[in-house]
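K.L.:
After the structure tokens below, expect a handful of questions from me.
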Amino acid sequence: MKTTPDNSGDVRLSGISKTYGSFTAVHPLDLTVPEGSFFALLGASGCGKTTTLRMIAGLEEPSTGTVCLGDQDVTYLQPYKRPVNTVFQSYALFPHLDIFENVAFGLRRRGIKSVKKQVEEMLELVQLGEQARKKPHQLSGGQQQRVAVARALINHPKVLLLDEPLGALDLKLRRQMQLELKRIQTEVGITFVHVTHDQEEAMTMADTVAVMNAGRVEQLGAPTELYENPQTTFVANFLGTSNLIEAEVDTSNGDDIVLKAGGGKLVLPAERCSAPATAGGKVLVGIRPEKIALTHADDAGEIPAGRNRLNGKIADASFIGVSTQYVIDTPVCDEFSVYVQNVERDGRLLPGADVVLHWSPAHTFGLDAAQDIDAGTEEEVAA
Amino acid sequence: MPFVNWLKRRLVVIAGLLTLGYLLLPNVVVTVFSFNKPKGRFNYEWQQFSTDAWKDPCGVADMCGSLSISLQIAVWATVGATVLGTMISFALVRYRFRARGAVNSLIFLPMAMPEVVMAASLLTLFLNMGAQLGFWTILIAHIMFCLSFVVTAVKARVMSMDPRLEEAARDLYAGPVQTFLRVTLPIAAPGIAAGALLSFALSFDDFIITNFNAGSTVTFPMFVWGSAQRGTPVQINVIGTAMFLIAVLFVLTSMVVTNRRNKQKA
Amino acid sequence: MSTLTEAPAPLAPAEPEHKPPRKRGRFTPYWLLLPGMLWLIVFFALPMIYQASTSVQTGSLEDGYKVTWHFATYWDALGEYWPQFLRSVSYAAAATVLCLLLGYPLAYLIAFRAGRWKNLIMILVIAPFFTSFLIRTLAWKTILADSGVVVHTLNSLHVLDVTSWLGWTAGDRVLATPLAVVCGLTYNFLPFMILPLYTSLERIDGRLHEAAGDLYAKPWTTFRKVTFPLSMPGVVSGTLLTFIPAAGDYVNAELLGSTDTRMIGNVIQTQFLRILDYPTAAALSFILMAGILAMVTIYIRRSGTEDLV
């Protein structure tokens with residue numbers, strides 16, 4: 001199922017940017033999407049991810065830089081001459097054509113006469129064989145979505161672009177379609193570039209995720225890498241939830257950095273710190289809520305040595321089935337989130353109880369303190 | 001008081017139906033009087049039932065000639081206004097350009113202008129240019145006042161059209177011409193058809209502007225106007241009734257066809 | 001999966017295009033606009049200028065006319081024909097109010113209460129358009145005839161006594177009176193009121209009625225506080241679409257009225273086509289245009305609906 005090994009399905013963006021008047025939608029950006037990969041551009045609305053996608057499709061001309069497919073420079077190639085197809089947001093199915101003709105559209109435009117067999121096979125792939133003669137508005141959202149995918153894939157594009165393809169579906173269907181798209185991608189082996197604002201969607205489907213913010217790529221990597229070791233506050237907050245606290249660098253001895261925060265000391269592996277750590281300087285210390293363990297203050301002695309510790313008082317607790325989410329008031333931060341799996345619940349962990357938070361230093365990450373500590377939180381994204 | 005309550009609940013329906021009656025009453029009268037056999041020159045009072053006029057609709061001198069002139073003008077005015085108006089609508093919706101405000105006002109003003117003003121000023125122009133009044137001056141005038149209505153109808157349709165459809169076409173290997181013919185035009189078609197239909201109706205039925213700029217050419221509305229002075233032949237009612245029936249049949253048929261097609265597909 | 005393993009069809013020319021292509025399409029909008037705009041400029045805007053210039057000319061048909069900036073034509077025209085102006089405005093206003101009162105229930109009926117009859121009623125509202133309006137206006141001569149049912153009924157109910165006292169009708173007649181003209185105007189322009197009203201009513205979410213009812217509003221209060229305000233765009237464009245043509249109309253005054261009901265349209269028509277006094281006719285037409293434009297502008301500003309087209 002591999003196409004020619006000439007990397008002709010690579011997408012290489014070099015220094016591309018897009019400005020509209022005085023507004024810069026995309027800052028100069030370099031990006032390589034290897035052939036056959038499932039690549040996601042993740043970011044809030046207006047971050048430039050769709051503009052980037054449209055520049056690859058040829059629907060938008062970059063202000064600077066080049067777009068290459070394999071070795072071919074396609075920067076100024078008209079969209080109808082590019083071996084790239086798009087699954088549009090809200091699908092853009094042609095309302096005046098039936099499903100069959102929608103799927104056959106690209107083949108017919110390229111002058112292919114006998115399209116019946118190909119279209120039927122394609123409709124089988126997306127399980128819509130029965131619906132061939134219906135008009136798009138007679139199909140459900142999920143079916144329309146599959147037609148949009150079929151309409152693009154039938155042309156054997158080198159790259160398939162997906163612009164928020166699941167945005168209009170309800171949650172359950174979205175989950176189902178995520179798996180479906182992943183299956184199709186594995187089956188056809190075409191490079192997929194997927195634009196989404198849903199971090200869960202990006203992490204479930206993509207091999208590589210590029211997190212975009214305000215026209216720039218904040219961080220690029222595998223989903224686990226992005227989640228476990230975010231490099232900016234935006235990534236830390238936008239992907240899941242992070243507790244960020246400001247700390248002062250006490251000592252730095254090669255492998256570990258020791259930090260002072262709220263009277264206590266925290267240890268951070270130097271390789272997990274993306275900021276320069278000089279003694280006396282400031283660093284943001286981050287820890288994911290599910291990595292933290294809670295122990296009642298009376299049992300503080302049982303906590304193994306070598307773990308990072310903070311004292312606090314439970315401000316709020318909400319039971320949500322698989323876990324309990326606590327909000328802890330600590331000297332360094334008054335809204336510390338902690339998620340505890342409901343395995344053995346300690347009946348004393350109620351609002352008002354004094355607790356000790358502790359976690360493995362290996363789960364700690366360090367960020368540059370010069371950044372906005374709230375970047376990428378939901379309130380900010382909504383605003 | 002159950003009756004009062006019943007009345008209260010249906011007040012809107014009753015008032016609405018009364019208005020509908022008011023709107024349709026003249027058509028009923030026109031139809032009934034197409035079977036009249038009037039005594040004098042005027043067909044305003046009921047005398048006796050007769051189908052004479054229906055058997056000989058062109059039996060009045062010049063009437064069918066004027067009808068044919070009106071039809072010709074209406075067809076050409078529709079074609080002209082639809083083509084020009086559609087082009088303007090696309091420019092307005094799809095492109096950014098200077099002088100947009102001026103273009104919009106120039107489209108809006110003819111619709112906000114009493115017909116008699118446009119009629120009189122156009123006549124001043126034709127007189128100044130020494131133009132020969134007749135078929136061509138009528139056609140020019142009709143295209144002029146139909147244009148704005150076409151623009152309004154088509155613009156509404158094109159505006160509600162998702163620009164992504166055209167992008168999708170371009171993405172699927174359709175060049176600019178193919179995109180326009182295969183996607184844009186078919187989707188804009190209902191709006192264009194509505195504009196064309198409106199143009200035809202407006203042009204065919206226009207009296208005031210035509211009356212000023214017709215010279216000695218007589219269109220059907222002008223024939224009716226003249227007959228109001230000289231004597232109204234029953235055939236006028238025959239034509240009026242036939243037009244009404246054709247219109248209703250046309251709309252009903254198209255509705256039945258669309259319904260059936262939708263049912264088949266579903 | 002055989003179809004998908006085939007090599008992609010050759011699509012693009014092999015040579016890369018390194019330079020941005022010539023910006024095609026920059027002039028496209030202008031080419032699209034050009035013919036139609038030229039048409040409107042030459043046959044709509046230019047005539048207005050010609051008319052303005054004609055209105056300040058003096059001379060005679062035999063010797064030709066010259067621009068002499070003779071503004072006195074305006075004063076003379078206004079002085080002589082102000083009753084017709086006044087009549088045009090008042091008849092048109094009366095017809096507009098009647099159209100609103102008659103049209104609103106029907107538009108409401110189509111929008112909310114017609115159910116499966118909706119399309120049929122719509123057709124019945126539009127279909128009369130296809131019968132020449134002159135023929136339909138002439139039908140009112142029959143309906144309002146002196147010996148007809150309508151006049152007979154109104155007479156026996158002594159309605160005509162009241163309207164005669166008000167000056168709307170004369171004696172036992174309806175034809176050839178202001179009432180007949182207003183009735184004809186109302187009839188002719190009613191669809192222009194109903195269609196925009198319907199369009200704006202149809203956009204109202206039916207759940208708003210339920211919400212209002214849920215919040216203790218009685219039906220009439222719901223209408224006053226919710227439905228009517230939301231239908232304002234339709235009311236504004238409907239009244240404009242009725243008032244403007246009604247104020248310039250002369251067909252109804254000619255066919256259903258008498259010399260005492262002549263409107264400004266009749267005067268302009270006579271001056272232009274019979275008396276051939278072009279300056280006076282042009283001045284009258286110019287005053288009518290300016291007056292209507294001024295009224296429309298003020299009206300639109302005050303009602304705060306500027307997106308009519």
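Ordering of the structure tokens sets the chain letters (A, B, ...); residue numbers start at 1 within each chain; ligands are numbered from 1 in the order shown.
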Can I get the residues of chain A within 7 Å of chain C, each with the closest pair of atoms and their distance in Å to one decimal, using only C-alpha atoms, sorted chain first then ascending number, as a tab-separated table?

P.N.:
residue	atom	partner	partner_atom	distance
A:Met1	CA	C:Thr5	CA	6.6
A:Gln72	CA	C:Pro16	CA	6.1
A:Asp73	CA	C:Pro16	CA	5.3
A:Val74	CA	C:Pro16	CA	6.4
A:Tyr76	CA	C:Pro20	CA	5.6
A:Leu77	CA	C:Glu17	CA	6.5
A:Lys81	CA	C:Ala12	CA	5.0
A:Arg82	CA	C:Ala12	CA	6.1
A:Pro83	CA	C:Leu11	CA	6.4
A:Gln118	CA	C:Thr3	CA	6.4
A:His156	CA	C:Pro8	CA	5.2
A:Pro157	CA	C:Pro8	CA	6.7
A:Val188	CA	C:Leu4	CA	6.4

K.L.:
Tell me, as a ChimeraX atom specification, which residues lie within 10 Å of stretch 207-212 of chain A, counting only C-alpha atoms; anything in the same chain fewer than 5 positions away does not count.

P.N.:
/A:26,31,33-34,37-49,193-197,199,202,217-226,234-235,238-239

K.L.:
Mind dumping the selected residues with N, CA and C atoms as a short mmCIF file (atom, residue, chain, number, x, y, z; two decimals), in the first residue's frame?

P.N.:
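Below is the file selection.cif, written as the result:
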data_model
loop_
_atom_site.label_atom_id
_atom_site.label_comp_id
_atom_site.auth_asym_id
_atom_site.auth_seq_id
_atom_site.Cartn_x
_atom_site.Cartn_y
_atom_site.Cartn_z
N VAL A 26 -0.75 34.55 9.49
CA VAL A 26 0.25 33.51 9.71
C VAL A 26 1.63 34.16 9.63
N LEU A 31 7.48 24.12 8.02
CA LEU A 31 6.78 22.94 8.49
C LEU A 31 7.00 21.85 7.46
N VAL A 33 5.56 18.03 6.59
CA VAL A 33 4.67 16.92 6.89
C VAL A 33 5.13 15.74 6.07
N PRO A 34 5.66 14.69 6.73
CA PRO A 34 6.19 13.57 5.96
C PRO A 34 5.07 12.79 5.27
N SER A 37 1.78 10.52 6.64
CA SER A 37 1.50 10.74 8.06
C SER A 37 0.14 11.41 8.24
N PHE A 38 -0.36 11.30 9.44
CA PHE A 38 -1.60 11.98 9.82
C PHE A 38 -1.18 13.15 10.69
N PHE A 39 -1.30 14.34 10.13
CA PHE A 39 -0.75 15.53 10.77
C PHE A 39 -1.89 16.44 11.18
N ALA A 40 -1.85 16.95 12.40
CA ALA A 40 -2.94 17.83 12.84
C ALA A 40 -2.40 19.22 13.14
N LEU A 41 -3.14 20.23 12.68
CA LEU A 41 -2.87 21.61 13.07
C LEU A 41 -3.91 21.96 14.10
N LEU A 42 -3.46 22.23 15.31
CA LEU A 42 -4.40 22.43 16.41
C LEU A 42 -4.29 23.86 16.92
N GLY A 43 -5.42 24.49 17.16
CA GLY A 43 -5.38 25.83 17.72
C GLY A 43 -6.78 26.39 17.86
N ALA A 44 -6.90 27.50 18.58
CA ALA A 44 -8.20 28.13 18.75
C ALA A 44 -8.57 28.84 17.45
N SER A 45 -9.85 29.28 17.33
CA SER A 45 -10.25 29.93 16.09
C SER A 45 -9.47 31.23 15.91
N GLY A 46 -9.06 31.48 14.69
CA GLY A 46 -8.31 32.71 14.40
C GLY A 46 -6.82 32.58 14.63
N CYS A 47 -6.32 31.35 14.86
CA CYS A 47 -4.90 31.20 15.14
C CYS A 47 -4.08 31.05 13.87
N GLY A 48 -4.76 30.95 12.71
CA GLY A 48 -4.03 30.87 11.44
C GLY A 48 -3.95 29.46 10.89
N LYS A 49 -4.56 28.49 11.58
CA LYS A 49 -4.44 27.10 11.12
C LYS A 49 -5.19 26.88 9.81
N VAL A 193 -3.67 16.12 6.32
CA VAL A 193 -3.41 17.30 7.16
C VAL A 193 -4.75 17.76 7.69
N HIS A 194 -4.87 17.75 9.00
CA HIS A 194 -6.16 17.89 9.64
C HIS A 194 -6.14 19.15 10.50
N VAL A 195 -7.08 20.05 10.27
CA VAL A 195 -7.16 21.27 11.06
C VAL A 195 -8.28 21.12 12.08
N THR A 196 -8.00 21.40 13.33
CA THR A 196 -9.05 21.27 14.34
C THR A 196 -8.77 22.18 15.53
N HIS A 197 -9.84 22.49 16.26
CA HIS A 197 -9.66 23.26 17.49
C HIS A 197 -9.86 22.35 18.70
N GLN A 199 -8.63 19.59 20.99
CA GLN A 199 -7.34 18.97 21.33
C GLN A 199 -7.46 17.46 21.45
N ALA A 202 -7.38 16.00 17.96
CA ALA A 202 -6.03 16.02 17.40
C ALA A 202 -5.18 14.91 18.00
N VAL A 217 3.53 28.57 15.12
CA VAL A 217 3.50 27.23 15.67
C VAL A 217 4.19 27.28 17.03
N GLU A 218 3.44 26.94 18.08
CA GLU A 218 4.00 26.99 19.42
C GLU A 218 4.89 25.79 19.69
N GLN A 219 4.41 24.62 19.27
CA GLN A 219 5.18 23.41 19.51
C GLN A 219 4.70 22.33 18.58
N LEU A 220 5.62 21.46 18.19
CA LEU A 220 5.29 20.41 17.24
C LEU A 220 5.83 19.10 17.77
N GLY A 221 5.01 18.07 17.70
CA GLY A 221 5.52 16.79 18.19
C GLY A 221 4.42 15.76 18.25
N ALA A 222 4.79 14.57 18.75
CA ALA A 222 3.78 13.53 18.94
C ALA A 222 2.86 13.95 20.08
N PRO A 223 1.61 13.48 20.05
CA PRO A 223 0.65 13.89 21.08
C PRO A 223 1.17 13.68 22.50
N THR A 224 1.78 12.52 22.78
CA THR A 224 2.25 12.27 24.15
C THR A 224 3.34 13.26 24.54
N GLU A 225 4.23 13.52 23.61
CA GLU A 225 5.33 14.45 23.85
C GLU A 225 4.77 15.84 24.21
N LEU A 226 3.76 16.29 23.41
CA LEU A 226 3.18 17.61 23.65
C LEU A 226 2.53 17.67 25.02
N PHE A 234 1.09 28.26 26.65
CA PHE A 234 -0.08 28.05 25.80
C PHE A 234 -0.34 26.56 25.60
N VAL A 235 0.70 25.82 25.26
CA VAL A 235 0.52 24.39 25.04
C VAL A 235 0.11 23.70 26.34
N PHE A 238 -3.59 24.77 26.81
CA PHE A 238 -4.53 24.45 25.75
C PHE A 238 -4.74 22.95 25.64
N LEU A 239 -3.68 22.18 25.81
CA LEU A 239 -3.78 20.72 25.81
C LEU A 239 -4.01 20.25 27.23
#

K.L.:
As a ChimeraX atom specification, please: the residues near B:Phe145 (cut-off 8 Å, only C-alpha atoms, same-chain neighbours under 4 positions excluded).

P.N.:
/B:110-111,141,149

K.L.:
Include N, CA and C atoms and write out the residues we just selected as an mmCIF file, in the first residue's frame.

P.N.:
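Below is the file that was written, again24.cif:
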data_model
loop_
_atom_site.group_PDB
_atom_site.id
_atom_site.type_symbol
_atom_site.label_atom_id
_atom_site.label_comp_id
_atom_site.auth_asym_id
_atom_site.auth_seq_id
_atom_site.Cartn_x
_atom_site.Cartn_y
_atom_site.Cartn_z
ATOM 1 N N PRO B 110 -33.818 53.539 -8.942
ATOM 2 C CA PRO B 110 -34.951 53.289 -9.842
ATOM 3 C C PRO B 110 -36.135 52.631 -9.145
ATOM 4 N N MET B 111 -35.852 51.858 -8.086
ATOM 5 C CA MET B 111 -36.967 51.209 -7.395
ATOM 6 C C MET B 111 -37.661 52.173 -6.444
ATOM 7 N N ALA B 141 -36.288 51.414 -22.090
ATOM 8 C CA ALA B 141 -36.880 51.816 -20.810
ATOM 9 C C ALA B 141 -37.167 50.595 -19.939
ATOM 10 N N PHE B 149 -34.586 45.141 -10.252
ATOM 11 C CA PHE B 149 -35.305 44.030 -9.627
ATOM 12 C C PHE B 149 -34.550 42.721 -9.818
#

K.L.:
Would you list the contacts of C:Leu98 as a VMD selection string, taking every protein, DNA or RNA residue within 12 Å and counting only C-alpha atoms, but skipping same-chain residues closer than 6 positions in sequence?

P.N.:
(chain B and resid 19) or (chain C and resid 91 to 92 104 to 105 179 182 to 190 193 to 194 238 to 239 242 to 243)

K.L.:
Find the distance between atom CA of C:Asp214 and atom CA of C:Met232 and write it in Å to one decimal.

P.N.:
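Going from atom CA of C:Asp214 over to atom CA of C:Met232 covers 23.2 Å.
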
K.L.:
Provide the atom CA of B:Ala247 to atom CA of C:Ala139 distance in Å, to one decimal place.

P.N.:
19.1 Å

K.L.:
Could you list, as a ChimeraX atom specification, every residue of chain A that has an atom within 6 Å of an atom of chain B, counting only C-alpha atoms?

P.N.:
/A:79-80,85,92,106,109,134

K.L.:
Please write the residues from the selection above to a file, keeping N, CA and C atoms, as a compact mmCIF listing (two decimals), in the first residue's frame.

P.N.:
# COMPACT_ATOMS: atom_id res chain seq x y z
N PRO A 79 -5.49 26.02 -7.58
CA PRO A 79 -5.97 24.84 -6.83
C PRO A 79 -6.41 23.70 -7.72
N TYR A 80 -6.99 24.03 -8.89
CA TYR A 80 -7.49 22.93 -9.73
C TYR A 80 -6.38 22.22 -10.47
N ASN A 85 -6.50 17.55 -2.31
CA ASN A 85 -7.94 17.74 -2.19
C ASN A 85 -8.31 18.05 -0.76
N ALA A 92 -19.40 21.56 2.20
CA ALA A 92 -19.52 22.18 0.87
C ALA A 92 -19.87 21.16 -0.21
N GLY A 106 -14.77 15.40 -9.38
CA GLY A 106 -13.35 15.59 -9.68
C GLY A 106 -12.90 14.75 -10.86
N ARG A 109 -14.16 16.25 -14.12
CA ARG A 109 -13.45 17.47 -14.50
C ARG A 109 -12.10 17.15 -15.10
N LYS A 134 -29.29 10.08 -3.82
CA LYS A 134 -29.93 11.09 -2.97
C LYS A 134 -29.20 12.42 -3.11

K.L.:
Tell me the residues of chain B close to chain C, meaning within 6 Å using only C-alpha atoms, as JSON, numbers by chain.

P.N.:
{"B": [12, 13, 15, 16, 19, 26, 44, 84, 87, 88, 91, 114, 116, 117, 121, 122, 125, 205, 240, 243, 244]}

K.L.:
Would you put the residues from that selection into a file with C-alpha atoms, as a PDB file, in the first residue's frame?

P.N.:
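Output file result08.pdb follows:
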ATOM      1  CA  VAL B  12     -56.635  37.009  12.127  1.00  0.00           C
ATOM      2  CA  VAL B  13     -57.687  34.217   9.802  1.00  0.00           C
ATOM      3  CA  ALA B  15     -59.379  39.297   8.408  1.00  0.00           C
ATOM      4  CA  GLY B  16     -56.679  37.719   6.256  1.00  0.00           C
ATOM      5  CA  THR B  19     -58.123  40.753   2.356  1.00  0.00           C
ATOM      6  CA  PRO B  26     -61.412  41.965  -9.531  1.00  0.00           C
ATOM      7  CA  TYR B  44     -69.124  47.303 -17.201  1.00  0.00           C
ATOM      8  CA  LEU B  84     -27.002  42.654 -17.193  1.00  0.00           C
ATOM      9  CA  MET B  87     -23.510  40.309 -14.012  1.00  0.00           C
ATOM     10  CA  ILE B  88     -23.975  43.225 -11.616  1.00  0.00           C
ATOM     11  CA  ALA B  91     -19.781  41.796  -9.113  1.00  0.00           C
ATOM     12  CA  PRO B 114     -42.176  57.050  -8.909  1.00  0.00           C
ATOM     13  CA  VAL B 116     -43.948  58.871 -13.750  1.00  0.00           C
ATOM     14  CA  VAL B 117     -40.693  60.651 -12.864  1.00  0.00           C
ATOM     15  CA  SER B 121     -37.177  62.236 -17.583  1.00  0.00           C
ATOM     16  CA  LEU B 122     -36.465  59.437 -20.047  1.00  0.00           C
ATOM     17  CA  LEU B 125     -33.650  62.496 -22.931  1.00  0.00           C
ATOM     18  CA  ASP B 205     -47.683  44.871 -17.516  1.00  0.00           C
ATOM     19  CA  GLY B 240     -56.954  38.867 -18.688  1.00  0.00           C
ATOM     20  CA  MET B 243     -53.275  35.186 -18.343  1.00  0.00           C
ATOM     21  CA  PHE B 244     -54.454  34.575 -14.800  1.00  0.00           C
TER      22      PHE B 244
END

K.L.:
In Å, rounded to a single decimal, give me how far atom CA of A:Val103 is from atom CA of A:Leu128.

P.N.:
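Between these atoms lies a distance of 11.1 Å.
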
K.L.:
Would you list, as an MDAnalysis selection string, the residues of stretch 16-177 of chain B that end up in helix (DSSP H, G or I) under DSSP run on this structure's backbone?

P.N.:
chainID B and resid 16:33 52:55 63:94 100:112 115:129 135:159 163:171 176:177

K.L.:
Would you write out those residues with C-alpha atoms, as a compact mmCIF listing (two decimals), in the first residue's frame?

P.N.:
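The resulting part.txt:
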# COMPACT_ATOMS: atom_id res chain seq x y z
CA GLY B 16 -56.68 37.72 6.26
CA LEU B 17 -59.19 35.83 4.14
CA LEU B 18 -61.25 39.02 3.69
CA THR B 19 -58.12 40.75 2.36
CA LEU B 20 -57.49 37.81 0.06
CA GLY B 21 -61.07 38.20 -1.18
CA TYR B 22 -60.45 41.89 -1.81
CA LEU B 23 -57.35 40.97 -3.83
CA LEU B 24 -59.13 38.35 -5.89
CA LEU B 25 -62.51 40.05 -6.40
CA PRO B 26 -61.41 41.97 -9.53
CA ASN B 27 -60.11 38.77 -11.09
CA VAL B 28 -63.46 37.11 -10.45
CA VAL B 29 -65.20 40.07 -12.06
CA VAL B 30 -62.82 40.00 -15.03
CA THR B 31 -63.50 36.30 -15.52
CA VAL B 32 -67.27 36.56 -15.16
CA PHE B 33 -67.43 39.52 -17.54
CA ASP B 52 -68.62 34.86 -28.28
CA ALA B 53 -65.46 36.56 -27.04
CA TRP B 54 -63.80 33.27 -26.08
CA LYS B 55 -64.52 31.88 -29.54
CA MET B 63 -55.63 43.97 -29.90
CA CYS B 64 -53.70 40.83 -30.75
CA GLY B 65 -51.12 42.92 -32.56
CA SER B 66 -50.52 44.91 -29.40
CA LEU B 67 -50.37 41.69 -27.44
CA SER B 68 -47.65 40.39 -29.70
CA ILE B 69 -45.66 43.63 -29.39
CA SER B 70 -45.94 43.41 -25.60
CA LEU B 71 -44.76 39.81 -25.62
CA GLN B 72 -41.79 40.60 -27.82
CA ILE B 73 -40.77 43.54 -25.66
CA ALA B 74 -41.23 41.50 -22.50
CA VAL B 75 -39.07 38.66 -23.80
CA TRP B 76 -36.23 40.91 -24.92
CA ALA B 77 -36.43 43.09 -21.84
CA THR B 78 -36.28 39.94 -19.71
CA VAL B 79 -33.23 38.64 -21.55
CA GLY B 80 -31.45 42.01 -21.42
CA ALA B 81 -32.24 42.82 -17.81
CA THR B 82 -31.47 39.29 -16.62
CA VAL B 83 -28.05 39.16 -18.27
CA LEU B 84 -27.00 42.65 -17.19
CA GLY B 85 -28.52 42.30 -13.72
CA THR B 86 -26.91 38.92 -13.07
CA MET B 87 -23.51 40.31 -14.01
CA ILE B 88 -23.98 43.22 -11.62
CA SER B 89 -25.11 40.91 -8.81
CA PHE B 90 -22.03 38.75 -9.14
CA ALA B 91 -19.78 41.80 -9.11
CA LEU B 92 -21.53 43.12 -6.00
CA VAL B 93 -21.43 39.89 -4.03
CA ARG B 94 -18.16 38.37 -5.12
CA ARG B 100 -19.52 50.24 -4.30
CA GLY B 101 -21.81 52.73 -2.56
CA ALA B 102 -22.45 54.60 -5.79
CA VAL B 103 -23.32 51.36 -7.58
CA ASN B 104 -25.69 50.35 -4.81
CA SER B 105 -27.51 53.68 -4.90
CA LEU B 106 -27.79 53.56 -8.67
CA ILE B 107 -29.43 50.15 -8.31
CA PHE B 108 -31.72 51.25 -5.49
CA LEU B 109 -32.90 54.59 -6.89
CA PRO B 110 -34.95 53.29 -9.84
CA MET B 111 -36.97 51.21 -7.39
CA ALA B 112 -37.51 54.17 -5.08
CA GLU B 115 -42.60 55.64 -12.40
CA VAL B 116 -43.95 58.87 -13.75
CA VAL B 117 -40.69 60.65 -12.86
CA MET B 118 -38.57 58.08 -14.66
CA ALA B 119 -40.98 58.09 -17.58
CA ALA B 120 -40.93 61.87 -17.92
CA SER B 121 -37.18 62.24 -17.58
CA LEU B 122 -36.47 59.44 -20.05
CA LEU B 123 -38.78 61.14 -22.52
CA THR B 124 -36.82 64.37 -22.04
CA LEU B 125 -33.65 62.50 -22.93
CA PHE B 126 -35.15 60.88 -26.02
CA LEU B 127 -36.59 64.21 -27.17
CA ASN B 128 -33.23 65.90 -26.68
CA MET B 129 -31.45 63.19 -28.60
CA PHE B 135 -40.28 49.62 -30.04
CA TRP B 136 -36.63 50.36 -29.22
CA THR B 137 -37.26 53.21 -26.82
CA ILE B 138 -39.80 51.05 -24.98
CA LEU B 139 -37.31 48.17 -24.81
CA ILE B 140 -34.56 50.46 -23.50
CA ALA B 141 -36.88 51.82 -20.81
CA HIS B 142 -38.06 48.35 -19.77
CA ILE B 143 -34.55 46.95 -19.44
CA MET B 144 -33.70 50.02 -17.34
CA PHE B 145 -36.42 49.56 -14.74
CA CYS B 146 -36.29 45.74 -14.68
CA LEU B 147 -32.54 45.74 -14.05
CA SER B 148 -32.75 46.72 -10.37
CA PHE B 149 -35.30 44.03 -9.63
CA VAL B 150 -33.14 41.35 -11.22
CA VAL B 151 -30.13 42.54 -9.22
CA THR B 152 -32.13 42.36 -5.98
CA ALA B 153 -33.39 38.85 -6.71
CA VAL B 154 -30.10 37.38 -7.91
CA LYS B 155 -28.03 39.12 -5.25
CA ALA B 156 -30.10 37.57 -2.49
CA ARG B 157 -29.51 34.11 -3.93
CA VAL B 158 -25.79 34.53 -4.61
CA MET B 159 -25.26 36.02 -1.16
CA PRO B 163 -18.43 30.52 -1.21
CA ARG B 164 -16.85 27.23 -0.18
CA LEU B 165 -18.87 25.48 -2.90
CA GLU B 166 -16.88 27.29 -5.55
CA GLU B 167 -13.65 26.62 -3.67
CA ALA B 168 -14.61 22.96 -3.52
CA ALA B 169 -15.11 22.96 -7.28
CA ARG B 170 -11.72 24.56 -7.84
CA ASP B 171 -10.20 22.07 -5.43
CA PRO B 176 -12.75 29.03 -13.64
CA VAL B 177 -15.12 28.40 -16.57

K.L.:
Point out the residue among A:Asp299, A:Asp170, A:Glu61, A:Asp98 with the least atom-to-atom distance to A:Lys135, counting only C-alpha atoms.

P.N.:
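Residue with the minimum atom-to-atom distance to A:Lys135: A:Asp98.
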
K.L.:
For C:Ala176, list every protein, DNA or RNA residue within 9 Å, evaluated using only C-alpha atoms, and leave out those in the same chain fewer than 2 positions away; present the list as an MDAnalysis selection string.

P.N.:
chainID C and resid 169:170 173:174 178:181 253:261

K.L.:
As a count of residues only, list the residues of stretch 235-317 of chain A assigned to strand (DSSP E) by DSSP on the backbone atoms of this structure.

P.N.:
43
